[in-house]
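Structure, as structure tokens:
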Amino acid sequence: LLEDTKDYEEALEYMATLGFYEAEKNLKKYGKSLVEHLPEKTTALLMDLCTKYVPRGKKPSDGTASPDQPSHVKGSPEAFIHIFVDQPKSLTDFLEHVISQDPEASGLIYNTLLELYLRGEEPQDGTQEDGKEAQLDKAMTLLQNAHAKYDDDHALVLVQMHDFKP
């Protein structure tokens with residue numbers, strides 16, 4: 001239906017009212033198209049789905065689970081990385097949020113975020129050079145974080161590949 005109507009806003013609003021499993025299934029299916037047309041809103045819904053999802057119009061769970069809305073379940077952020085193709089800012093926002101909510105996130109999350117930082121592609125307020133410098137500062141902060149779960153060998157390859165010198 002989304003392919004026919006192209007009403008991305010309505011589709012995203014509807015998905016936000018679905019139970020966890022239905023929302024996850026639909027975001028996996030339509031997420032790439034939604035991120036392309038509504039990057040901020042889709043990213044926000046994915047952030048919720050992967051950290052603290054509660055369908056819109058429902059109250060937060062009191063700890064009891066229902067078949068469609070289990071308690072304490074969250075989506076796997078790794079399953080959604082691919083939908084952010086050509087959307088590095090949205091992917092960066094998504095991964096930063098995931099890590100802020102779950103510092104024990106997988107190495108793939110940290111490795112991907114480090115690569116985004118080292119690319120220095122996210123424009124900030126100001127010139128592109130300011131944006132690149134801010135991204136490289138974030139990369140350095142991530143590399144210095146003793147609790148970050150990035151793979152050391154992978155990080156070394158990324159640093160060398162992007163000719164990163166602090």
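As shown in the structure tokens, the chain order sets the letters A, B, ...; within each chain, residues go from 1, and ligands are also counted from 1 in the order they appear.
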
Problem - Within 8 Å of stretch 94-100 of chain A using only C-alpha atoms, minus same-chain residues under 5 positions, as a list in words - result: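 Residues meeting the cut-off are Thr43, Ala44, Leu46, Met47, Cys50, Thr51, Pro77, Ala105, Ile109, Tyr110 and Leu113 of chain A.
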
Write out the residues from the selection above, keeping N, CA, C and O atoms, as a tab-separated table (two decimals), in the first residue's frame.
```tsv
chain	number	residue	atom	x	y	z
A	43	THR	N	13.83	7.98	11.81
A	43	THR	CA	14.94	7.71	12.72
A	43	THR	C	14.46	7.75	14.16
A	43	THR	O	14.84	6.90	14.98
A	44	ALA	N	13.60	8.70	14.50
A	44	ALA	CA	13.07	8.78	15.87
A	44	ALA	C	12.28	7.53	16.23
A	44	ALA	O	12.40	7.00	17.34
A	46	LEU	N	12.65	4.54	14.90
A	46	LEU	CA	13.62	3.45	15.03
A	46	LEU	C	14.39	3.53	16.34
A	46	LEU	O	14.69	2.51	16.96
A	47	MET	N	14.71	4.74	16.77
A	47	MET	CA	15.38	4.91	18.07
A	47	MET	C	14.51	4.33	19.18
A	47	MET	O	14.99	3.61	20.05
A	50	CYS	N	14.27	0.46	19.09
A	50	CYS	CA	15.49	-0.23	19.52
A	50	CYS	C	15.90	0.09	20.96
A	50	CYS	O	16.93	-0.41	21.42
A	51	THR	N	15.12	0.90	21.65
A	51	THR	CA	15.48	1.22	23.04
A	51	THR	C	14.30	1.10	24.00
A	51	THR	O	14.36	0.38	24.97
A	77	PRO	N	19.33	-3.02	16.79
A	77	PRO	CA	19.75	-1.91	15.93
A	77	PRO	C	20.54	-2.38	14.70
A	77	PRO	O	20.46	-1.77	13.64
A	105	ALA	N	26.06	-1.91	23.75
A	105	ALA	CA	25.69	-2.24	22.37
A	105	ALA	C	26.83	-3.01	21.71
A	105	ALA	O	27.98	-2.95	22.14
A	109	ILE	N	27.83	-1.82	16.15
A	109	ILE	CA	27.29	-0.47	16.34
A	109	ILE	C	28.44	0.52	16.52
A	109	ILE	O	28.50	1.56	15.87
A	110	TYR	N	29.37	0.19	17.40
A	110	TYR	CA	30.51	1.07	17.65
A	110	TYR	C	31.40	1.20	16.41
A	110	TYR	O	31.85	2.30	16.07
A	113	LEU	N	29.69	3.44	13.84
A	113	LEU	CA	29.72	4.83	14.26
A	113	LEU	C	31.12	5.43	14.09
A	113	LEU	O	31.28	6.55	13.60
```

Practice task
Tell me, as a PyMOL selection string, which residues lie within 12 Å of stretch 146-161 of chain A, counting only C-alpha atoms; anything in the same chain fewer than 4 positions away does not count.
Solution key: chain A and resi 96+99-100+102-119+136+139-142+165-166

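Of note, atom CA of A:Leu18 and atom CA of A:Pro55 are spaced 5.8 Å apart.
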